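Okay, run_17.cif is below, mmCIF, C-alpha atoms and all ligand atoms:
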```cif
data_work
#
loop_
_atom_site.label_atom_id
_atom_site.label_comp_id
_atom_site.auth_asym_id
_atom_site.auth_seq_id
_atom_site.Cartn_x
_atom_site.Cartn_y
_atom_site.Cartn_z
CA MET A 1 -48.94 -69.35 77.22
CA PHE A 2 -45.78 -70.54 75.58
CA GLY A 3 -45.93 -73.80 77.53
CA ILE A 4 -49.38 -74.46 76.15
CA VAL A 5 -48.21 -73.79 72.65
CA ARG A 6 -45.28 -76.09 73.11
CA GLN A 7 -47.63 -78.81 74.30
CA ALA A 8 -49.87 -78.37 71.30
CA PHE A 9 -46.81 -78.47 69.12
CA SER A 10 -45.29 -81.55 70.68
CA GLU A 11 -48.44 -83.59 70.99
CA PHE A 12 -50.39 -82.68 67.96
CA LEU A 13 -48.73 -80.72 65.22
CA CYS A 14 -45.13 -81.81 65.35
CA GLY A 15 -45.19 -83.33 61.89
CA ARG A 16 -46.65 -80.28 60.24
CA TRP A 17 -44.44 -77.95 62.23
CA GLU A 18 -41.30 -79.70 61.11
CA ARG A 19 -42.46 -79.50 57.54
CA HIS A 20 -42.88 -75.76 57.73
CA GLN A 21 -39.55 -75.32 59.39
CA GLU A 22 -37.88 -77.12 56.55
CA ARG A 23 -39.78 -75.14 53.96
CA ASP A 24 -38.92 -71.69 55.29
CA ALA A 25 -35.33 -70.60 54.72
CA SER A 26 -35.72 -67.11 56.16
CA GLY A 27 -35.35 -68.15 59.77
CA ASN A 28 -38.64 -66.42 60.62
CA ARG A 29 -41.39 -68.97 60.73
CA THR A 30 -45.10 -68.49 61.08
CA GLU A 31 -47.53 -71.26 61.73
CA MET A 32 -51.11 -71.57 62.88
CA LEU A 33 -51.53 -73.47 66.11
CA PRO A 34 -54.53 -74.14 68.31
CA LEU A 35 -53.99 -72.52 71.67
CA GLY A 36 -55.58 -74.15 74.72
CA ASN A 37 -57.07 -72.41 77.71
CA HIS A 38 -55.47 -75.08 79.85
CA GLU A 39 -53.58 -78.26 79.28
CA ASN A 40 -56.39 -80.41 77.99
CA GLU A 41 -58.58 -77.75 76.47
CA TRP A 42 -58.65 -77.72 72.70
CA LEU A 43 -61.75 -75.74 71.85
CA THR A 44 -60.05 -72.45 71.29
CA HIS A 45 -59.35 -69.56 68.99
CA TRP A 46 -56.87 -69.41 66.18
CA ASP A 47 -53.78 -67.38 66.84
CA VAL A 48 -50.65 -66.81 64.90
CA LEU A 49 -47.50 -68.11 66.47
CA SER A 50 -44.45 -66.38 65.11
CA VAL A 51 -41.11 -67.93 65.79
CA ALA A 52 -37.78 -66.26 65.20
CA GLY A 53 -34.90 -68.45 66.23
CA ASP A 54 -35.63 -69.80 69.70
CA SER A 55 -37.75 -66.87 70.81
CA PRO A 56 -41.39 -67.69 70.17
CA SER A 57 -43.96 -64.96 70.50
CA ILE A 58 -47.67 -65.00 70.01
CA ALA A 59 -49.08 -62.41 67.69
CA ARG A 60 -52.81 -62.12 67.25
CA GLU A 61 -53.14 -61.21 63.62
CA GLY A 62 -55.69 -61.74 60.99
CA PHE A 63 -57.31 -64.92 62.14
CA ALA A 64 -57.80 -64.04 65.78
CA SER A 65 -61.53 -63.73 65.29
CA VAL A 66 -61.89 -67.12 63.65
CA SER A 67 -63.20 -69.59 66.18
CA SER A 68 -61.90 -73.09 65.86
CA TYR A 69 -63.14 -76.31 67.22
CA LEU A 70 -60.32 -78.73 66.70
CA GLU A 71 -60.94 -81.50 69.20
CA LYS A 72 -58.22 -83.39 70.97
CA ASP A 73 -58.47 -86.38 68.68
CA GLY A 74 -57.89 -84.21 65.60
CA ILE A 75 -61.49 -83.93 64.39
CA TRP A 76 -62.93 -80.47 63.68
CA CYS A 77 -66.38 -80.19 65.27
CA GLN A 78 -67.84 -76.72 65.05
CA PRO A 79 -71.31 -76.01 66.35
CA VAL A 80 -72.46 -72.71 64.89
CA ALA A 81 -73.75 -70.26 67.46
CA GLY A 82 -77.29 -69.15 66.90
CA GLY A 83 -78.16 -72.12 64.75
CA ALA A 84 -80.62 -74.85 65.56
CA GLY A 85 -77.66 -76.74 66.95
CA ALA A 86 -77.59 -74.43 69.93
CA ASP A 87 -80.77 -76.07 71.18
CA LEU A 88 -79.31 -79.23 72.66
CA GLY A 89 -81.08 -82.09 74.27
CA GLY A 90 -83.86 -82.80 71.83
CA SER A 91 -84.20 -85.79 69.59
CA ARG A 92 -84.60 -84.35 66.15
CA PRO A 93 -83.66 -85.38 62.65
CA ALA A 94 -80.91 -83.54 60.83
CA LEU A 95 -79.91 -83.03 57.23
CA PHE A 96 -76.29 -84.01 56.70
CA LEU A 97 -74.52 -82.51 53.71
CA ASP A 98 -71.20 -83.37 52.19
CA ARG A 99 -69.41 -80.12 51.36
CA ASP A 100 -67.38 -80.31 48.14
CA GLY A 101 -69.55 -81.23 45.20
CA VAL A 102 -72.76 -80.72 47.17
CA ILE A 103 -72.79 -77.30 48.88
CA VAL A 104 -69.88 -75.85 46.92
CA GLU A 105 -68.32 -76.78 43.60
CA ASP A 106 -65.58 -79.36 43.97
CA VAL A 107 -62.40 -77.65 42.80
CA GLY A 108 -60.16 -80.29 44.38
CA TYR A 109 -58.68 -79.68 47.83
CA LEU A 110 -60.64 -76.46 48.23
CA HIS A 111 -58.77 -74.25 50.71
CA ARG A 112 -58.90 -70.70 49.32
CA PRO A 113 -61.94 -68.56 50.14
CA ASP A 114 -61.84 -67.02 46.67
CA ASP A 115 -62.38 -70.48 45.16
CA VAL A 116 -65.70 -70.92 46.98
CA ARG A 117 -68.62 -71.22 44.54
CA LEU A 118 -71.97 -72.25 45.94
CA VAL A 119 -73.74 -74.96 43.97
CA PRO A 120 -76.83 -73.31 42.49
CA GLY A 121 -79.81 -73.82 44.77
CA ALA A 122 -77.77 -75.11 47.72
CA ALA A 123 -78.35 -72.00 49.83
CA GLU A 124 -82.08 -72.05 49.10
CA VAL A 125 -82.40 -75.68 50.22
CA ILE A 126 -80.39 -75.05 53.38
CA ALA A 127 -82.50 -71.98 54.16
CA ALA A 128 -85.67 -74.03 53.73
CA VAL A 129 -84.37 -76.66 56.16
CA ASN A 130 -83.33 -73.89 58.56
CA ARG A 131 -86.89 -72.60 58.52
CA ILE A 132 -88.36 -75.88 59.79
CA GLY A 133 -85.85 -75.96 62.66
CA VAL A 134 -84.00 -79.04 61.49
CA PRO A 135 -80.21 -78.86 61.98
CA VAL A 136 -78.05 -78.82 58.85
CA VAL A 137 -74.65 -80.42 59.37
CA THR A 138 -71.66 -80.49 57.03
CA VAL A 139 -69.55 -83.65 57.24
CA THR A 140 -66.42 -83.30 55.13
CA ASN A 141 -63.33 -85.43 54.58
CA GLN A 142 -60.32 -83.11 54.57
CA SER A 143 -57.42 -85.29 53.52
CA GLY A 144 -55.77 -82.16 52.09
CA ILE A 145 -54.99 -81.24 55.69
CA GLY A 146 -53.82 -84.74 56.48
CA ARG A 147 -51.55 -84.70 53.42
CA GLY A 148 -50.07 -81.35 54.45
CA GLN A 149 -51.41 -79.46 51.43
CA TYR A 150 -53.07 -76.83 53.61
CA GLY A 151 -53.89 -76.29 57.27
CA TRP A 152 -56.79 -75.65 59.61
CA ALA A 153 -56.37 -71.91 59.19
CA GLU A 154 -57.17 -72.20 55.49
CA PHE A 155 -60.02 -74.55 56.30
CA ALA A 156 -61.45 -72.06 58.80
CA GLU A 157 -61.14 -69.20 56.33
CA THR A 158 -62.84 -71.24 53.64
CA GLU A 159 -65.65 -72.22 55.99
CA ALA A 160 -66.06 -68.59 56.95
CA ARG A 161 -66.52 -67.68 53.28
CA ILE A 162 -69.03 -70.46 52.78
CA ALA A 163 -70.93 -69.30 55.87
CA ALA A 164 -70.91 -65.72 54.60
CA ASP A 165 -72.12 -66.72 51.16
CA LEU A 166 -74.90 -68.79 52.71
CA ALA A 167 -75.83 -66.01 55.12
CA ALA A 168 -76.19 -63.61 52.18
CA ARG A 169 -78.95 -65.93 50.99
CA GLY A 170 -80.56 -66.39 54.39
CA ALA A 171 -79.06 -69.81 55.11
CA HIS A 172 -76.79 -71.21 57.78
CA LEU A 173 -75.13 -74.45 58.80
CA ASP A 174 -75.67 -75.67 62.35
CA MET A 175 -72.49 -77.72 62.62
CA VAL A 176 -69.37 -78.39 60.58
CA VAL A 177 -67.47 -81.62 61.17
CA ALA A 178 -64.23 -82.34 59.30
CA CYS A 179 -61.86 -85.31 59.32
CA PRO A 180 -58.22 -84.75 58.27
CA PHE A 181 -57.07 -88.36 58.60
CA HIS A 182 -55.99 -90.35 55.58
CA ALA A 183 -54.02 -93.50 54.86
CA GLU A 184 -51.44 -91.37 53.04
CA GLY A 185 -51.51 -88.58 55.62
CA ILE A 186 -48.51 -87.09 57.36
CA PRO A 187 -48.26 -87.81 61.08
CA PRO A 188 -50.27 -87.19 63.17
CA TYR A 189 -52.89 -87.54 60.46
CA ALA A 190 -51.79 -90.87 59.00
CA HIS A 191 -54.44 -93.50 59.63
CA PRO A 192 -55.28 -96.54 57.51
CA ALA A 193 -59.04 -96.39 58.20
CA HIS A 194 -59.98 -93.62 60.60
CA PRO A 195 -63.45 -94.16 62.08
CA CYS A 196 -64.41 -90.58 61.19
CA ARG A 197 -63.30 -90.66 57.56
CA LYS A 198 -66.20 -91.38 55.24
CA PRO A 199 -67.29 -94.05 54.26
CA ARG A 200 -67.06 -94.65 57.99
CA PRO A 201 -69.75 -93.01 60.13
CA GLY A 202 -67.74 -91.30 62.89
CA MET A 203 -68.44 -87.68 61.93
CA ILE A 204 -72.18 -88.32 61.68
CA LEU A 205 -72.22 -90.19 64.98
CA ARG A 206 -70.34 -87.36 66.68
CA ALA A 207 -72.76 -84.73 65.41
CA GLY A 208 -75.60 -86.96 66.56
CA VAL A 209 -74.29 -86.95 70.11
CA ARG A 210 -73.39 -83.26 70.12
CA LEU A 211 -76.74 -82.08 68.76
CA GLY A 212 -79.02 -84.67 70.34
CA LEU A 213 -80.14 -86.05 66.99
CA ASP A 214 -82.30 -88.98 66.05
CA LEU A 215 -80.13 -90.39 63.30
CA THR A 216 -82.74 -92.92 62.25
CA ARG A 217 -84.85 -90.00 60.99
CA SER A 218 -81.98 -88.09 59.40
CA TRP A 219 -80.75 -87.92 55.81
CA ILE A 220 -77.47 -87.28 54.03
CA VAL A 221 -76.78 -85.68 50.65
CA GLY A 222 -73.57 -86.61 48.88
CA ASP A 223 -71.88 -86.78 45.49
CA ARG A 224 -69.71 -89.76 46.41
CA ALA A 225 -70.81 -93.28 47.19
CA SER A 226 -68.75 -92.97 50.36
CA ASP A 227 -71.06 -90.21 51.59
CA LEU A 228 -74.06 -92.49 51.36
CA ALA A 229 -72.10 -95.41 52.78
CA ALA A 230 -71.29 -93.30 55.83
CA GLY A 231 -74.97 -92.44 56.15
CA GLY A 232 -75.98 -96.07 55.94
CA ALA A 233 -73.35 -97.08 58.48
CA ALA A 234 -74.56 -94.36 60.85
CA GLY A 235 -78.11 -95.70 60.66
CA LEU A 236 -79.63 -92.75 58.80
CA ALA A 237 -83.03 -93.01 57.16
CA GLY A 238 -81.63 -92.38 53.71
CA GLY A 239 -79.23 -90.76 51.32
CA LEU A 240 -79.69 -88.51 48.32
CA HIS A 241 -77.04 -88.95 45.65
CA VAL A 242 -76.35 -85.98 43.39
CA LEU A 243 -74.59 -85.68 40.04
CA THR A 244 -72.65 -82.53 40.88
CA GLY A 245 -69.03 -82.96 41.97
CA HIS A 246 -67.96 -86.59 41.52
CA GLY A 247 -71.54 -87.78 41.25
CA GLN A 248 -71.41 -89.09 37.68
CA LYS A 249 -68.49 -91.36 38.48
CA ASP A 250 -70.11 -92.84 41.58
CA ARG A 251 -73.72 -93.11 40.38
CA GLN A 252 -73.43 -96.75 39.36
CA GLU A 253 -72.03 -97.74 42.75
CA VAL A 254 -74.83 -95.94 44.56
CA HIS A 255 -77.53 -97.96 42.82
CA GLY A 256 -76.91 -100.99 45.00
CA MET A 257 -76.67 -99.21 48.32
CA ALA A 258 -80.33 -99.15 49.32
CA THR A 259 -81.34 -101.51 52.10
CA GLU A 260 -84.49 -102.14 54.06
CA LYS A 261 -83.41 -99.48 56.55
CA PHE A 262 -81.60 -97.05 54.25
CA GLN A 263 -83.41 -95.42 51.35
CA VAL A 264 -81.41 -94.20 48.35
CA ARG A 265 -82.72 -91.41 46.15
CA LEU A 266 -81.09 -90.22 42.96
CA ALA A 267 -81.07 -86.58 41.92
CA ASP A 268 -79.25 -84.04 39.80
CA SER A 269 -78.20 -81.73 42.62
CA VAL A 270 -78.78 -80.81 46.23
CA VAL A 271 -81.80 -78.82 45.08
CA SER A 272 -83.72 -82.10 45.16
CA ALA A 273 -83.25 -82.22 48.91
CA MET A 274 -86.33 -79.96 48.85
CA ASP A 275 -88.24 -83.21 48.34
CA ILE A 276 -86.98 -84.56 51.67
CA ILE A 277 -88.08 -81.51 53.64
CA PRO A 278 -91.70 -82.61 54.17
CA GLN A 279 -90.41 -85.85 55.59
CA LEU A 280 -87.97 -84.06 57.93
CA ALA A 281 -90.60 -81.51 58.90
CA SER A 282 -93.28 -84.05 59.73
CA LEU A 283 -90.93 -85.82 62.06
CA ALA A 284 -89.22 -82.81 63.56
MG MG A 301 -68.02 -84.48 47.79
#
```
As structure tokens:
Amino acid sequence: MFGIVRQAFSEFLCGRWERHQERDASGNRTEMLPLGNHENEWLTHWDVLSVAGDSPSIAREGFASVSSYLEKDGIWCQPVAGGAGADLGGSRPALFLDRDGVIVEDVGYLHRPDDVRLVPGAAEVIAAVNRIGVPVVTVTNQSGIGRGQYGWAEFAETEARIAADLAARGAHLDMVVACPFHAEGIPPYAHPAHPCRKPRPGMILRAGVRLGLDLTRSWIVGDRASDLAAGGAAGLAGGLHVLTGHGQKDRQEVHGMATEKFQVRLADSVVSAMDIIPQLASLA
């Protein structure tokens, strides 16, 4: 087990690990690491690795029940069991949602569960899309992880709170995809223009493959112009721009983003995605 941890450490999290070592003066260091089932397996569970001096030990505490889906290339891709995403192989549309400023209020680098506040109406829209059997997929840039401001453990905890808050209102997400890479990231997350970071389409394309989606019939809801740009680049049918989050600032930029193949709709909040549901349902 230790060998696997060491591999994860050396190949993937060395930059972050060194940061934490420097930060902690006690000599007892605790860090969250993804533990593989074998050398190249990265779809795992979160465990706590406690290190005292040169004697690492693995202690399953707290987060052991939090499933993680950190893929080998550093992208989080989490299909949610029991959701429509479990039914692979079809060719269905999906509703893609940005997270911060669309599903939850954008508090800036959200990483504490207690800071989660659902945008009013978001759960009801997601539940309505759930009911017609169309997958709902979160695609979220997480440069806070890339910058070393928080880690995947905090991300997982925050997602768990969002899932719980949605579940309390009868709604669920079918997949969560997150990209930590950023031009100002700390290695291994430094990348000048990662193909998964919106406005690039990588997260949407990955979900499309994983869930067997027809992207040309799918939509995205976002508060940033980059959300819609990612949707356009992925070949989606359209994007709904909302004024929550950073929406006011980006509204002007969004005006010019419609093309023959990519519709742009303007709305106040994700609640207006209700208007897209008949279109998704008729094609599902
Ligand atoms: Mg946003």
Inset, instruction - Provide the CA of Ala123 in chain A to CA of Ile103 in chain A distance in Å, to one decimal place. - result: 7.7 Å
Inset, instruction - Provide the CA of Gly121 in chain A to CA of Pro93 in chain A distance in Å, to one decimal place. - result: 21.6 Å
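Of the residues under consideration (A:Ala234, A:Gly133, A:Val242, A:Ile145), A:Gly133 shows the shortest atom-to-atom contact distance to Ser282 in chain A when counting all atoms listed in the file.
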Using all atoms listed in the file, tabulate the residues of range 86-181 of chain A lying at most 10 Å from any atom of range 264-269 of chain A, each with its closest atom pair and that distance in Å to one decimal, by chain and increasing residue number, as CSV.
```
residue,atom,partner,partner_atom,distance
A:Gly101,CA,A:Ser269,CA,9.0
A:Val102,CA,A:Ser269,CA,7.2
A:Ile103,CA,A:Ser269,CA,9.4
A:Val119,CA,A:Ser269,CA,8.2
A:Pro120,CA,A:Ser269,CA,8.5
A:Gly121,CA,A:Ser269,CA,8.4
A:Ala122,CA,A:Ser269,CA,8.4
```
Print the selection's residues with C-alpha atoms to a file, as a short mmCIF file (atom, residue, chain, number, x, y, z; two decimals), in the coordinates of the input.
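The resulting file, selection33.cif, is reproduced below:
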```
data_model
loop_
_atom_site.label_atom_id
_atom_site.label_comp_id
_atom_site.auth_asym_id
_atom_site.auth_seq_id
_atom_site.Cartn_x
_atom_site.Cartn_y
_atom_site.Cartn_z
CA GLY A 101 -69.55 -81.23 45.20
CA VAL A 102 -72.76 -80.72 47.17
CA ILE A 103 -72.79 -77.30 48.88
CA VAL A 119 -73.74 -74.96 43.97
CA PRO A 120 -76.83 -73.31 42.49
CA GLY A 121 -79.81 -73.82 44.77
CA ALA A 122 -77.77 -75.11 47.72
#
```
Inset, instruction - Work out how far CA of Leu118 in chain A is from CA of Ala167 in chain A, in Å to one decimal. - result: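 Answer for the CA of Ala167 in chain A to CA of Leu118 in chain A separation: 11.8 Å.
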Per residue of chain A within 7 Å of ligand MG 301 (chain A), note the shortest atom pair and the distance in Å to one decimal, counting all atoms listed in the file, and order the rows by chain and increasing residue number, as a Markdown table.
```
| residue | atom | partner | partner_atom | distance |
| --- | --- | --- | --- | --- |
| A:Asp98 | CA | A:MG301 | MG | 5.5 |
| A:Arg99 | CA | A:MG301 | MG | 5.8 |
| A:Asp100 | CA | A:MG301 | MG | 4.2 |
| A:Gly101 | CA | A:MG301 | MG | 4.4 |
| A:Val102 | CA | A:MG301 | MG | 6.1 |
| A:Asp106 | CA | A:MG301 | MG | 6.8 |
| A:Gly222 | CA | A:MG301 | MG | 6.0 |
| A:Asp223 | CA | A:MG301 | MG | 5.0 |
| A:Arg224 | CA | A:MG301 | MG | 5.7 |
| A:Gly245 | CA | A:MG301 | MG | 6.1 |
| A:His246 | CA | A:MG301 | MG | 6.6 |
```
Legend entry - Residue nearest Gly151 in chain A among A:Pro180, A:Glu253, A:Ser272, A:Gly232 (counting all atoms listed in the file): A:Pro180
Give me the residues near Met274 in chain A as a compact mmCIF listing (two decimals) with C-alpha atoms, keeping the file's coordinate frame, where near means some atom within 12 Å (using only C-alpha atoms) and where sequence neighbours in that chain fewer than 2 positions away do not count.
```txt
# COMPACT_ATOMS: atom_id res chain seq x y z
CA LEU A 95 -79.91 -83.03 57.23
CA GLY A 121 -79.81 -73.82 44.77
CA ALA A 122 -77.77 -75.11 47.72
CA ALA A 123 -78.35 -72.00 49.83
CA GLU A 124 -82.08 -72.05 49.10
CA VAL A 125 -82.40 -75.68 50.22
CA ILE A 126 -80.39 -75.05 53.38
CA ALA A 127 -82.50 -71.98 54.16
CA ALA A 128 -85.67 -74.03 53.73
CA VAL A 129 -84.37 -76.66 56.16
CA ASN A 130 -83.33 -73.89 58.56
CA ILE A 132 -88.36 -75.88 59.79
CA TRP A 219 -80.75 -87.92 55.81
CA VAL A 221 -76.78 -85.68 50.65
CA LEU A 240 -79.69 -88.51 48.32
CA ALA A 267 -81.07 -86.58 41.92
CA SER A 269 -78.20 -81.73 42.62
CA VAL A 270 -78.78 -80.81 46.23
CA VAL A 271 -81.80 -78.82 45.08
CA SER A 272 -83.72 -82.10 45.16
CA ILE A 276 -86.98 -84.56 51.67
CA ILE A 277 -88.08 -81.51 53.64
CA PRO A 278 -91.70 -82.61 54.17
CA GLN A 279 -90.41 -85.85 55.59
CA LEU A 280 -87.97 -84.06 57.93
CA ALA A 281 -90.60 -81.51 58.90
```
